[in-house]
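entry23.txt follows; it contains compact mmCIF, C-alpha atoms and all ligand atoms.
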# COMPACT_ATOMS: atom_id res chain seq x y z
CA MET J 4 83.86 80.91 18.25
CA ALA J 5 83.28 82.18 14.75
CA ARG J 6 83.79 85.58 13.14
CA ILE J 7 80.47 86.41 11.53
CA VAL J 8 79.03 88.97 9.13
CA LEU J 9 75.29 89.57 9.30
CA ALA J 10 73.27 90.65 6.26
CA LEU J 11 69.70 90.71 7.55
CA PRO J 12 66.65 92.98 7.58
CA PRO J 13 66.75 95.45 10.51
CA ALA J 14 63.86 93.67 12.24
CA ARG J 15 65.87 90.45 12.60
CA GLU J 16 69.38 91.85 12.86
CA ALA J 17 69.39 92.93 16.52
CA GLU J 18 68.07 89.59 17.74
CA TYR J 19 70.58 87.58 15.70
CA ALA J 20 73.49 89.80 16.79
CA GLU J 21 72.53 89.28 20.42
CA GLN J 22 72.18 85.52 19.98
CA ALA J 23 75.51 85.32 18.14
CA ALA J 24 77.26 87.10 21.04
CA ARG J 25 75.52 84.85 23.58
CA HIS J 26 76.90 81.80 21.73
CA GLY J 27 80.41 83.23 21.88
CA HIS J 28 80.68 84.46 18.27
CA GLU J 29 82.03 87.79 17.14
CA VAL J 30 79.96 89.88 14.72
CA VAL J 31 82.65 91.61 12.68
CA ALA J 32 80.36 93.53 10.33
CA ARG J 33 76.74 94.13 9.39
CA ALA J 34 75.77 94.55 5.75
CA SER J 35 72.57 96.29 4.71
CA SER J 36 72.62 95.26 1.04
CA ALA J 37 73.97 92.57 -1.28
CA ALA J 38 76.59 95.01 -2.58
CA GLU J 39 77.86 95.57 0.97
CA ALA J 40 77.76 91.84 1.72
CA ALA J 41 79.94 91.14 -1.32
CA VAL J 42 82.46 93.72 -0.12
CA VAL J 43 82.63 92.56 3.51
CA ALA J 44 83.11 88.94 2.37
CA THR J 45 86.62 90.03 1.43
CA LEU J 46 87.29 90.54 5.19
CA ARG J 47 87.31 86.74 5.23
CA PRO J 48 84.98 86.14 8.17
CA ASP J 49 84.23 82.52 9.02
CA ALA J 50 80.60 82.85 7.97
CA LEU J 51 78.08 85.15 6.35
CA VAL J 52 74.63 84.84 7.89
CA VAL J 53 72.37 86.23 5.20
CA ALA J 54 68.64 86.57 4.54
CA ALA J 55 67.73 84.76 1.31
CA GLU J 56 66.13 87.89 -0.13
CA PRO J 57 67.25 89.63 -3.33
CA ARG J 58 68.19 92.69 -1.30
CA TYR J 59 70.86 90.73 0.62
CA LEU J 60 71.73 87.63 -1.38
CA SER J 61 72.92 87.57 -4.99
CA ALA J 62 75.21 85.58 -7.27
CA ARG J 63 77.87 88.21 -6.69
CA VAL J 64 77.67 87.69 -2.91
CA LEU J 65 78.05 83.94 -3.33
CA ALA J 66 80.95 84.35 -5.75
CA ALA J 67 82.71 86.71 -3.31
CA CYS J 68 82.17 84.22 -0.44
CA ASP J 69 83.40 81.32 -2.55
CA ASP J 70 86.49 83.27 -3.54
CA ALA J 71 87.26 84.19 0.07
CA GLY J 72 86.39 80.73 1.45
CA VAL J 73 83.52 82.13 3.55
CA ARG J 74 80.76 79.78 4.67
CA VAL J 75 77.27 81.01 3.72
CA VAL J 76 74.32 80.43 6.05
CA ALA J 77 71.20 81.56 4.20
CA ILE J 78 68.01 82.12 6.17
CA ALA J 79 64.71 81.53 4.40
CA ALA J 80 61.35 82.61 5.81
CA GLY J 81 59.30 80.90 3.09
CA ASP J 82 59.20 79.26 -0.31
CA PRO J 83 60.08 82.33 -2.42
CA GLU J 84 63.25 82.70 -0.39
CA ARG J 85 64.14 79.03 -0.65
CA ARG J 86 63.58 79.29 -4.40
CA LEU J 87 65.85 82.33 -4.68
CA ALA J 88 68.61 80.47 -2.82
CA ALA J 89 68.17 77.36 -5.00
CA SER J 90 68.26 79.46 -8.18
CA LEU J 91 71.70 80.65 -7.06
CA GLY J 92 72.84 77.07 -6.49
CA LEU J 93 72.43 77.20 -2.70
CA PHE J 94 70.23 74.25 -1.86
CA GLU J 95 70.55 74.25 1.91
CA THR J 96 68.89 77.05 3.82
CA THR J 97 67.99 77.43 7.48
CA ASP J 98 64.45 78.14 8.54
CA ALA J 99 63.84 81.67 9.84
CA ALA J 100 61.20 80.35 12.25
CA ALA J 101 63.81 78.23 14.01
CA GLY J 102 65.77 81.35 14.98
CA TRP J 103 69.44 81.34 15.92
CA SER J 104 69.52 77.68 16.93
CA ALA J 105 69.24 76.66 13.25
CA VAL J 106 72.15 78.95 12.38
CA GLU J 107 74.18 77.44 15.20
CA LEU J 108 73.53 73.96 13.81
CA ALA J 109 74.53 75.06 10.30
CA LEU J 110 77.72 76.62 11.66
CA ALA J 111 78.60 73.45 13.49
CA GLY J 112 77.61 71.10 10.69
CA SER J 113 78.87 72.38 7.37
CA PRO J 114 82.61 72.64 7.09
CA ARG J 115 84.18 75.84 5.87
CA PRO J 116 84.79 75.43 2.15
CA THR J 117 88.35 74.40 1.58
CA ALA J 118 88.42 74.91 -2.15
CA ALA J 119 88.33 78.48 -3.37
CA ARG J 120 84.94 77.60 -4.78
CA ALA J 121 82.39 75.38 -3.14
CA ARG J 122 79.73 75.12 -5.79
CA THR J 123 76.62 73.15 -5.08
CA ALA J 124 75.41 72.90 -8.69
CA ALA J 125 77.33 71.96 -11.80
CA GLY J 126 78.21 74.87 -14.04
CA THR J 127 77.24 75.24 -17.69
CA VAL J 128 79.66 74.67 -20.55
CA ILE J 129 79.15 76.82 -23.66
CA THR J 130 81.19 76.05 -26.76
CA VAL J 131 81.47 78.69 -29.45
CA TRP J 132 81.87 77.03 -32.82
CA GLY J 133 81.97 78.32 -36.39
CA PRO J 134 83.25 77.14 -39.79
CA ALA J 135 86.48 78.26 -41.48
CA GLY J 136 86.79 81.84 -42.65
CA ALA J 137 87.04 83.68 -39.31
CA PRO J 138 83.31 84.29 -38.82
CA GLY J 139 83.96 85.72 -35.34
CA ARG J 140 84.16 82.76 -32.95
CA THR J 141 86.77 84.36 -30.73
CA SER J 142 85.01 87.74 -30.74
CA LEU J 143 81.73 86.08 -29.76
CA ALA J 144 83.34 83.91 -27.08
CA ILE J 145 84.98 86.95 -25.44
CA ALA J 146 81.78 88.99 -25.64
CA VAL J 147 79.61 86.18 -24.23
CA ALA J 148 82.02 85.66 -21.31
CA GLY J 149 81.95 89.42 -20.63
CA GLU J 150 78.15 89.59 -20.62
CA LEU J 151 77.83 86.59 -18.27
CA ALA J 152 80.35 88.14 -15.89
CA ALA J 153 78.47 91.45 -16.07
CA VAL J 154 75.39 89.85 -14.52
CA GLY J 155 77.46 88.52 -11.63
CA ARG J 156 78.12 84.96 -12.80
CA SER J 157 81.52 83.37 -12.29
CA VAL J 158 83.04 82.66 -15.69
CA VAL J 159 86.14 81.10 -17.22
CA LEU J 160 86.93 81.74 -20.87
CA ALA J 161 89.22 79.07 -22.32
CA ASP J 162 91.11 79.16 -25.61
CA VAL J 163 90.83 75.61 -26.93
CA ASP J 164 91.76 76.52 -30.52
CA SER J 165 94.48 74.07 -31.56
CA HIS J 166 95.06 75.83 -34.89
CA GLY J 167 95.22 79.55 -34.04
CA ALA J 168 94.88 80.63 -30.42
CA SER J 169 93.96 84.29 -30.15
CA ILE J 170 92.25 85.16 -26.87
CA ALA J 171 95.45 86.32 -25.14
CA PRO J 172 96.36 88.94 -27.77
CA ALA J 173 92.72 89.99 -28.13
CA LEU J 174 92.55 90.74 -24.39
CA GLY J 175 96.07 92.17 -24.17
CA MET J 176 97.35 89.27 -22.06
CA LEU J 177 100.68 87.51 -22.02
CA ASP J 178 100.58 84.09 -23.59
CA GLU J 179 104.08 82.86 -22.81
CA ALA J 180 102.65 80.39 -20.32
CA PRO J 181 99.40 79.23 -21.89
CA GLY J 182 96.93 78.48 -19.13
CA PHE J 183 94.89 75.99 -21.11
CA ALA J 184 97.96 73.90 -22.00
CA ALA J 185 99.03 74.00 -18.33
CA ALA J 186 95.56 72.82 -17.30
CA CYS J 187 95.78 69.98 -19.84
CA ARG J 188 99.18 68.94 -18.52
CA LEU J 189 97.92 68.85 -14.93
CA ALA J 190 94.77 67.00 -16.00
CA GLY J 191 97.00 64.44 -17.72
CA SER J 192 98.64 63.61 -14.41
CA GLY J 193 95.38 63.77 -12.44
CA ALA J 194 96.56 66.86 -10.57
CA LEU J 195 94.15 69.51 -11.85
CA THR J 196 92.31 71.00 -8.88
CA HIS J 197 90.33 74.21 -8.36
CA GLU J 198 93.35 75.67 -6.56
CA GLU J 199 95.54 74.92 -9.58
CA LEU J 200 92.96 76.49 -11.90
CA ASP J 201 92.94 79.59 -9.67
CA ARG J 202 96.71 79.72 -9.94
CA ILE J 203 97.09 79.25 -13.69
CA ALA J 204 94.11 81.28 -14.93
CA GLN J 205 94.72 84.94 -15.67
CA GLY J 206 92.14 87.52 -14.65
CA TYR J 207 90.32 89.96 -16.92
CA SER J 208 89.14 92.80 -14.68
CA SER J 209 86.28 95.07 -15.49
CA PRO J 210 84.04 97.40 -13.51
CA LEU J 211 81.11 95.47 -14.97
CA GLY J 212 82.39 92.12 -13.66
CA GLY J 213 85.62 90.29 -14.42
CA PHE J 214 86.29 86.72 -15.45
CA ARG J 215 89.10 84.15 -15.58
CA VAL J 216 90.98 83.29 -18.74
CA LEU J 217 92.85 80.15 -19.71
CA THR J 218 94.95 81.38 -22.61
CA GLY J 219 95.73 79.19 -25.60
CA ILE J 220 98.84 77.80 -27.18
CA GLY J 221 100.72 80.69 -28.80
CA ARG J 222 102.76 78.30 -30.91
CA PRO J 223 100.35 76.16 -32.93
CA SER J 224 102.97 73.36 -33.04
CA ARG J 225 102.06 72.59 -29.44
CA TRP J 226 98.69 71.17 -30.48
CA PRO J 227 99.50 67.57 -29.41
CA GLU J 228 99.31 68.84 -25.78
CA LEU J 229 95.55 69.30 -26.23
CA SER J 230 94.51 65.67 -26.45
CA GLY J 231 90.82 64.78 -26.34
CA GLU J 232 91.12 63.05 -22.99
CA ARG J 233 92.90 65.96 -21.34
CA VAL J 234 90.53 68.53 -22.79
CA ALA J 235 87.59 66.51 -21.45
CA ALA J 236 89.19 66.40 -17.99
CA VAL J 237 89.79 70.17 -17.98
CA ILE J 238 86.19 70.83 -19.03
CA ALA J 239 84.92 68.54 -16.26
CA GLN J 240 87.01 70.36 -13.66
CA CYS J 241 85.94 73.81 -14.90
CA ARG J 242 82.30 72.72 -14.68
CA THR J 243 82.60 72.39 -10.90
CA TRP J 244 84.77 75.49 -10.57
CA VAL J 245 82.64 78.27 -12.08
CA ASP J 246 79.06 78.95 -13.20
CA PHE J 247 79.92 79.24 -16.90
CA THR J 248 82.80 77.81 -18.92
CA VAL J 249 83.04 79.43 -22.36
CA LEU J 250 85.19 77.57 -24.89
CA ASP J 251 86.63 79.10 -28.06
CA ILE J 252 87.59 76.39 -30.54
CA GLY J 253 89.07 75.92 -34.01
CA SER J 254 86.83 75.58 -37.03
CA SER J 255 87.43 71.99 -38.04
CA LEU J 256 85.52 69.07 -36.55
CA GLU J 257 86.97 66.71 -39.10
CA ASN J 258 87.98 63.45 -37.51
CA ASP J 259 91.64 62.95 -38.32
CA GLU J 260 91.24 59.22 -37.68
CA GLU J 261 89.59 59.01 -41.04
CA ILE J 262 92.68 60.48 -42.64
CA SER J 263 95.35 58.67 -40.64
CA SER J 264 95.53 54.90 -40.49
CA ASP J 265 97.27 55.10 -37.11
CA LEU J 266 94.45 54.94 -34.57
CA PHE J 267 96.70 56.01 -31.70
CA ALA J 268 98.24 59.02 -33.42
CA PRO J 269 97.34 62.32 -31.74
CA ARG J 270 94.50 64.15 -33.46
CA ARG J 271 94.71 67.86 -34.07
CA ASN J 272 90.97 68.47 -34.00
CA ALA J 273 90.40 66.35 -30.90
CA ALA J 274 90.20 69.50 -28.75
CA ALA J 275 87.39 71.00 -30.84
CA VAL J 276 85.56 67.69 -31.21
CA THR J 277 85.67 67.16 -27.44
CA ALA J 278 84.58 70.73 -26.65
CA VAL J 279 81.57 70.28 -28.95
CA ARG J 280 80.73 66.83 -27.60
CA ASP J 281 80.91 67.88 -23.94
CA ALA J 282 79.10 71.24 -24.29
CA ASP J 283 75.74 71.85 -22.65
CA ARG J 284 75.07 74.64 -25.09
CA ILE J 285 76.59 75.64 -28.38
CA VAL J 286 76.79 79.06 -29.97
CA ALA J 287 77.27 78.44 -33.71
CA VAL J 288 78.67 81.49 -35.50
CA GLY J 289 78.59 82.13 -39.24
CA ALA J 290 79.52 85.12 -41.36
CA ALA J 291 76.51 86.81 -42.94
CA ASP J 292 77.78 86.99 -46.51
CA PRO J 293 77.24 84.56 -49.41
CA VAL J 294 80.49 82.66 -48.81
CA GLY J 295 80.09 82.62 -45.04
CA LEU J 296 76.48 81.42 -45.26
CA SER J 297 77.29 78.60 -47.62
CA ARG J 298 80.24 77.46 -45.50
CA PHE J 299 78.07 77.65 -42.40
CA LEU J 300 75.25 75.59 -43.87
CA ARG J 301 77.60 72.87 -45.07
CA ALA J 302 79.47 72.61 -41.77
CA TYR J 303 76.34 72.88 -39.60
CA ALA J 304 75.36 69.29 -40.33
CA GLU J 305 78.80 68.17 -39.12
CA LEU J 306 78.29 70.19 -35.94
CA GLU J 307 74.93 68.54 -35.23
CA GLU J 308 76.54 65.15 -35.66
CA ALA J 309 79.44 65.91 -33.29
CA ALA J 310 77.34 67.60 -30.57
CA SER J 311 75.52 65.73 -27.83
CA THR J 312 73.32 68.73 -27.04
CA ARG J 313 70.47 70.05 -29.21
CA ASP J 314 70.75 73.43 -27.51
CA ILE J 315 72.38 75.28 -30.39
CA THR J 316 71.99 79.03 -30.84
CA VAL J 317 72.82 80.16 -34.36
CA VAL J 318 74.46 83.59 -34.64
CA MET J 319 74.99 85.31 -37.97
CA ASN J 320 77.77 87.82 -37.53
CA ARG J 321 78.84 90.88 -39.49
CA VAL J 322 75.37 91.42 -40.97
CA ARG J 323 75.55 94.19 -43.59
CA ALA J 324 73.71 95.14 -46.75
CA SER J 325 76.92 95.70 -48.73
CA ALA J 326 77.70 91.95 -48.69
CA ILE J 327 74.25 90.47 -49.12
CA GLY J 328 71.95 93.11 -50.57
CA MET J 329 68.90 95.00 -49.43
CA ASN J 330 67.16 93.87 -46.26
CA PRO J 331 70.12 91.84 -44.99
CA HIS J 332 68.17 90.59 -41.95
CA GLY J 333 65.44 89.12 -44.13
CA GLN J 334 67.93 87.64 -46.60
CA VAL J 335 69.98 85.91 -43.90
CA THR J 336 66.94 84.62 -42.00
CA GLN J 337 65.29 83.26 -45.15
CA THR J 338 68.46 81.57 -46.42
CA LEU J 339 69.00 79.79 -43.10
CA ALA J 340 65.36 78.70 -42.88
CA ARG J 341 65.16 77.49 -46.48
CA PHE J 342 68.49 75.69 -46.77
CA GLY J 343 69.22 74.70 -43.18
CA GLY J 344 65.83 74.52 -41.48
CA ILE J 345 67.25 76.99 -38.95
CA ASP J 346 64.79 79.33 -37.22
CA ALA J 347 65.32 82.55 -35.34
CA PRO J 348 69.05 83.14 -35.75
CA VAL J 349 70.62 85.92 -33.67
CA LEU J 350 71.90 88.66 -35.98
CA VAL J 351 74.96 90.69 -35.01
CA PRO J 352 75.64 93.73 -37.19
CA HIS J 353 78.95 94.42 -38.91
CA GLU J 354 80.65 97.12 -36.85
CA GLN J 355 84.27 97.51 -37.78
CA GLY J 356 84.93 100.43 -35.43
CA ALA J 357 83.52 98.73 -32.33
CA PHE J 358 85.43 95.47 -32.86
CA ASP J 359 88.68 97.15 -33.89
CA GLY J 360 88.47 99.40 -30.84
CA ALA J 361 87.93 96.41 -28.55
CA VAL J 362 90.96 94.52 -29.92
CA LEU J 363 93.11 97.64 -29.93
CA SER J 364 92.40 98.31 -26.25
CA GLY J 365 92.37 94.64 -25.22
CA ARG J 366 88.87 95.06 -23.75
CA THR J 367 85.53 93.32 -24.19
CA LEU J 368 82.89 94.98 -26.34
CA ALA J 369 80.84 95.66 -23.18
CA ASP J 370 83.76 97.66 -21.76
CA SER J 371 84.95 99.42 -24.90
CA ALA J 372 81.71 100.05 -26.82
CA PRO J 373 78.86 99.46 -24.37
CA ARG J 374 76.20 101.12 -26.50
CA SER J 375 77.22 99.70 -29.86
CA PRO J 376 74.46 97.75 -31.65
CA ALA J 377 76.75 94.68 -31.88
CA ARG J 378 77.26 94.68 -28.10
CA LEU J 379 73.54 95.12 -27.49
CA ALA J 380 72.77 92.19 -29.83
CA ILE J 381 75.21 89.93 -27.94
CA LYS J 382 73.88 91.13 -24.56
CA ALA J 383 70.36 90.22 -25.69
CA LEU J 384 71.63 86.83 -26.90
CA VAL J 385 73.07 86.11 -23.44
CA GLU J 386 69.93 87.30 -21.65
CA ASN J 387 67.36 85.66 -23.89
CA ARG J 388 69.06 82.50 -25.09
CA ILE J 389 71.47 81.58 -22.29
CA LEU J 390 70.38 83.00 -18.92
CA SER J 391 66.65 82.59 -19.53
CA ARG J 392 67.11 78.82 -19.83
CA GLY J 393 68.44 78.53 -16.29
N1 LIG R 401 80.38 91.97 -36.06
C1 LIG R 401 81.61 92.30 -36.45
N2 LIG R 401 81.82 93.44 -37.14
C2 LIG R 401 83.07 93.79 -37.54
N3 LIG R 401 84.17 93.07 -37.33
C3 LIG R 401 84.02 91.90 -36.67
C4 LIG R 401 82.75 91.45 -36.19
N4 LIG R 401 82.92 90.27 -35.58
C5 LIG R 401 84.24 89.98 -35.67
N5 LIG R 401 84.91 90.96 -36.32
C6 LIG R 401 86.35 91.00 -36.63
O1 LIG R 401 86.63 89.92 -37.48
C7 LIG R 401 87.93 89.42 -37.28
C8 LIG R 401 87.89 87.92 -37.04
O2 LIG R 401 87.18 87.68 -35.84
P1 LIG R 401 87.56 86.49 -34.85
O3 LIG R 401 89.02 86.47 -34.57
O4 LIG R 401 86.62 86.61 -33.71
O5 LIG R 401 87.14 85.26 -35.75
P2 LIG R 401 87.42 83.69 -35.54
O6 LIG R 401 86.24 83.00 -36.11
O7 LIG R 401 87.76 83.42 -34.13
O8 LIG R 401 88.68 83.46 -36.49
P3 LIG R 401 89.93 82.45 -36.39
O9 LIG R 401 89.74 81.52 -37.54
O10 LIG R 401 91.11 83.33 -36.52
O11 LIG R 401 89.87 81.76 -35.07
C9 LIG R 401 88.50 90.21 -36.11
O12 LIG R 401 89.32 91.22 -36.59
C10 LIG R 401 87.26 90.79 -35.45
O13 LIG R 401 87.54 92.00 -34.79
MG MG R 402 89.38 82.49 -33.24
For this file, write the structure as structure tokens.
Amino acid sequence: MARIVLALPPAREAEYAEQAARHGHEVVARASSAAEAAVVATLRPDALVVAAEPRYLSARVLAACDDAGVRVVAIAAGDPERRLAASLGLFETTDAAAGWSAVELALAGSPRPTAARARTAAGTVITVWGPAGAPGRTSLAIAVAGELAAVGRSVVLADVDSHGASIAPALGMLDEAPGFAAACRLAGSGALTHEELDRIAQGYSSPLGGFRVLTGIGRPSRWPELSGERVAAVIAQCRTWVDFTVLDIGSSLENDEEISSDLFAPRRNAAAVTAVRDADRIVAVGAADPVGLSRFLRAYAELEEAASTRDITVVMNRVRASAIGMNPHGQVTQTLARFGGIDAPVLVPHEQGAFDGAVLSGRTLADSAPRSPARLAIKALVENRILSRG
């Protein structure tokens, strides 16, 4: 016998409820929308039997079921519904035409997920890089994580900066027990599991959608804990844990091997080099002033060399006329095109008040200044450059 929640159109609901009872199951709740389905998943039924229609099935529903260890049986009446399920990472659906018997088979066949998260598709790793001079890597990484969570995706934001970790203070979190260092330690002994990640990650809650945070090393002297191998293992584990892993890294991609003759000595930039190498997508941030632009253009070539992906979105941050002259958008765009061959950069305006307010309150920009032009620019970046590419 299973405890079941039904989230189905009224026309099918009565029949399925009757069949469920006939097969000895208990229907503990009926949800009439995706929002309700996400809420009742927290009752921890054994299974959610849900129509694969946008009205009933969403990323938020799946995330809630994954979190509560609830098996999802999605019913598809045709190709559009199968496509919707697949787009959410749910590749197995049962055929509506087969009626309850197909649900019964699914209930008997697929085991209840044991891990907190039973993802069927690998998640996406986004590394936020930028040259020296504090162009806004951390600010962008936090804002991107917030926007992805706001559309219902499961997200972990990890502070991989081995020179100056700053996500914990920026989000008002304790960093006495840095989550990312703990994850590296466990990865080093082959003991990093989704359950451990659930345990060591802190949560950022928001009415728009929260996310997990692996805070960074508060004391920079701990950098040897972030070896390349361990960082790679943590990234690999996060990839199967959540939809999006957002990595904030230090500025330098310089290979310390070239400086040190000891090939086996730990390398301080290994964490950043690994995060760039293993990323599926890179957000490259530069400061939109003459010094920031020139630093960005010089370091960009190094980034392209270190990255395996060509999916690089260039963001020019703190765009303002006072630092670059009239028509700052045109100036920045032309400079990047002429000297770096870079087209269509995303421009984020300089907005001292919005960013100061966010740091002061330990909130994301989406929570603290939802209508600020900088937030809207980053929201558009996430929608048009990250989510639109699947
Ligand atoms: N668009 C913006 N307008 C105004 N201030 C901004 C903007 N973006 C970032 N800032 C501010 O700039 C400062 C540096 O930003 P941030 O810490 O994100 O940079 P970083 O590249 O991560 O630097 P670090 O080298 O310390 O890691 C912060 O005080 C932040 O609030
Ligand atoms: Mg930073």
### Task
List the neighbours of segment 9-22 of chain J out to 12 Å using only C-alpha atoms; skip same-chain residues closer than 2 positions along the sequence, and give me the result as number ranges by chain.
J: 6-7, 24-44, 48-61, 64, 75-80, 99-107
### Query
What does the distance between atom CA of Gly175 of chain J and atom CA of Lys382 of chain J come to in Å, to one decimal place?
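Spanning atom CA of Gly175 of chain J to atom CA of Lys382 of chain J is a straight-line distance of 22.2 Å.
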Counting only C-alpha atoms and all ligand atoms, which residues of chain J sit at most 10 Å from some atom of ligand LIG 401 (chain R), and what is each one's closest atom pair with its distance in Å to one decimal, listed by chain and rising residue number, as a Markdown table?
| residue | atom | partner | partner_atom | distance |
| --- | --- | --- | --- | --- |
| J:Val131 | CA | R:LIG401 | O7 | 9.2 |
| J:Trp132 | CA | R:LIG401 | O6 | 8.1 |
| J:Gly133 | CA | R:LIG401 | O6 | 6.3 |
| J:Pro134 | CA | R:LIG401 | O6 | 7.5 |
| J:Ala135 | CA | R:LIG401 | O9 | 6.1 |
| J:Gly136 | CA | R:LIG401 | O9 | 5.9 |
| J:Ala137 | CA | R:LIG401 | O8 | 3.3 |
| J:Pro138 | CA | R:LIG401 | O6 | 4.2 |
| J:Gly139 | CA | R:LIG401 | O5 | 3.2 |
| J:Arg140 | CA | R:LIG401 | O6 | 3.8 |
| J:Thr141 | CA | R:LIG401 | O7 | 3.7 |
| J:Ser142 | CA | R:LIG401 | O4 | 3.6 |
| J:Leu143 | CA | R:LIG401 | O4 | 6.3 |
| J:Ala144 | CA | R:LIG401 | O4 | 7.9 |
| J:Ile145 | CA | R:LIG401 | O4 | 8.4 |
| J:Ala146 | CA | R:LIG401 | O4 | 9.7 |
| J:Asp162 | CA | R:LIG401 | O11 | 9.9 |
| J:Asp164 | CA | R:LIG401 | O11 | 7.2 |
| J:Ser165 | CA | R:LIG401 | O11 | 9.6 |
| J:His166 | CA | R:LIG401 | O11 | 7.9 |
| J:Gly167 | CA | R:LIG401 | O11 | 5.9 |
| J:Ala168 | CA | R:LIG401 | O11 | 6.9 |
| J:Ser169 | CA | R:LIG401 | O11 | 6.9 |
| J:Ile170 | CA | R:LIG401 | O3 | 8.5 |
| J:Ala173 | CA | R:LIG401 | O3 | 8.2 |
| J:Asp251 | CA | R:LIG401 | O7 | 7.5 |
| J:Ile252 | CA | R:LIG401 | O11 | 7.4 |
| J:Gly253 | CA | R:LIG401 | O11 | 6.0 |
| J:Ser254 | CA | R:LIG401 | O9 | 6.6 |
| J:Ser255 | CA | R:LIG401 | O9 | 9.8 |
| J:Val288 | CA | R:LIG401 | O6 | 7.7 |
| J:Gly289 | CA | R:LIG401 | O6 | 8.3 |
| J:Ala290 | CA | R:LIG401 | N4 | 8.5 |
| J:Ala291 | CA | R:LIG401 | N1 | 9.4 |
| J:Met319 | CA | R:LIG401 | N1 | 8.8 |
| J:Asn320 | CA | R:LIG401 | N1 | 5.1 |
| J:Arg321 | CA | R:LIG401 | N1 | 3.9 |
| J:Val322 | CA | R:LIG401 | N1 | 7.0 |
| J:Arg323 | CA | R:LIG401 | N2 | 9.0 |
| J:Leu350 | CA | R:LIG401 | N1 | 9.1 |
| J:Val351 | CA | R:LIG401 | N1 | 5.7 |
| J:Pro352 | CA | R:LIG401 | N1 | 5.2 |
| J:His353 | CA | R:LIG401 | N2 | 3.5 |
| J:Glu354 | CA | R:LIG401 | N2 | 3.9 |
| J:Gln355 | CA | R:LIG401 | C2 | 3.9 |
| J:Gly356 | CA | R:LIG401 | C2 | 7.2 |
| J:Ala357 | CA | R:LIG401 | C2 | 7.2 |
| J:Phe358 | CA | R:LIG401 | O13 | 4.5 |
| J:Asp359 | CA | R:LIG401 | O13 | 5.4 |
| J:Gly360 | CA | R:LIG401 | O13 | 8.4 |
| J:Ala361 | CA | R:LIG401 | O13 | 7.7 |
| J:Val362 | CA | R:LIG401 | O13 | 6.5 |
| J:Leu363 | CA | R:LIG401 | O13 | 9.3 |
| J:Pro376 | CA | R:LIG401 | N1 | 9.4 |
| J:Ala377 | CA | R:LIG401 | N1 | 6.2 |
| J:Arg378 | CA | R:LIG401 | N1 | 9.0 |
| J:Ala380 | CA | R:LIG401 | N1 | 9.8 |
| J:Ile381 | CA | R:LIG401 | N1 | 9.8 |
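Minimum atom-to-atom distance to Val234 of chain J, evaluated using all atoms listed in the file, belongs to J:Gly191 out of J:Gly343, J:Gly213, J:Gly191, J:Pro269.
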### Query
Which residue out of J:Cys241, J:Gly219, J:Ala109, J:Asn330 has the minimum interatomic distance to ligand MG 402 (chain R) when only C-alpha atoms and all ligand atoms are used?
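The shortest atom-to-atom distance to ligand MG 402 (chain R) comes from J:Gly219.
For the pair atom CA of Gln240 of chain J and atom CA of Val163 of chain J, the separation is 14.8 Å.
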### Message
Can you measure atom CA of Thr127 of chain J to atom CA of Leu384 of chain J for me? One decimal in Å is fine.
### Response
15.8 Å
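Between ligand MG 402 (chain R) and the candidates J:Leu189, J:Arg280, J:Ser371, J:Ala275, the tightest atom-to-atom separation, counting only C-alpha atoms and all ligand atoms, involves J:Ala275.
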### Message
Considering all atoms listed in the file, can you say which of J:Gly295, J:Leu339, J:Arg74, J:Ala171 comes closest to ligand MG 402 (chain R)?
### Response
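Smallest distance to ligand MG 402 (chain R) is found for J:Ala171.
Among the candidates J:Ala236, J:Ala161, J:Ala326, J:Leu65, the one nearest to ligand MG 402 (chain R) when counting only C-alpha atoms and all ligand atoms is J:Ala161.
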### Task
Please provide as a list in words all residues within 9 Å of Arg271 of chain J, with the sequence filter that same-chain residues fewer than 3 positions apart are discarded (counting all atoms listed in the file).
Ser165, His166, Trp226, Pro227, Leu229, Ser230, Asn258, Asp259, Ala274 and Ala275 of chain J
### Message
Considering all atoms listed in the file, can you say which of J:Ala372, J:Val385, J:Ile315, J:Leu250 comes closest to ligand MG 402 (chain R)?
### Response
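Among the listed residues, J:Leu250 lies closest to ligand MG 402 (chain R).
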Within 12 Å of Ala190 of chain J using only C-alpha atoms, minus same-chain residues under 2 positions, as a compact mmCIF listing (two decimals) with C-alpha atoms, keeping the file's coordinate frame:
# COMPACT_ATOMS: atom_id res chain seq x y z
CA PHE J 183 94.89 75.99 -21.11
CA ALA J 184 97.96 73.90 -22.00
CA ALA J 185 99.03 74.00 -18.33
CA ALA J 186 95.56 72.82 -17.30
CA CYS J 187 95.78 69.98 -19.84
CA ARG J 188 99.18 68.94 -18.52
CA SER J 192 98.64 63.61 -14.41
CA GLY J 193 95.38 63.77 -12.44
CA ALA J 194 96.56 66.86 -10.57
CA LEU J 195 94.15 69.51 -11.85
CA THR J 196 92.31 71.00 -8.88
CA HIS J 197 90.33 74.21 -8.36
CA GLU J 199 95.54 74.92 -9.58
CA LEU J 200 92.96 76.49 -11.90
CA GLU J 228 99.31 68.84 -25.78
CA LEU J 229 95.55 69.30 -26.23
CA SER J 230 94.51 65.67 -26.45
CA GLY J 231 90.82 64.78 -26.34
CA GLU J 232 91.12 63.05 -22.99
CA ARG J 233 92.90 65.96 -21.34
CA VAL J 234 90.53 68.53 -22.79
CA ALA J 235 87.59 66.51 -21.45
CA ALA J 236 89.19 66.40 -17.99
CA VAL J 237 89.79 70.17 -17.98
CA ILE J 238 86.19 70.83 -19.03
CA ALA J 239 84.92 68.54 -16.26
CA GLN J 240 87.01 70.36 -13.66
CA CYS J 241 85.94 73.81 -14.90
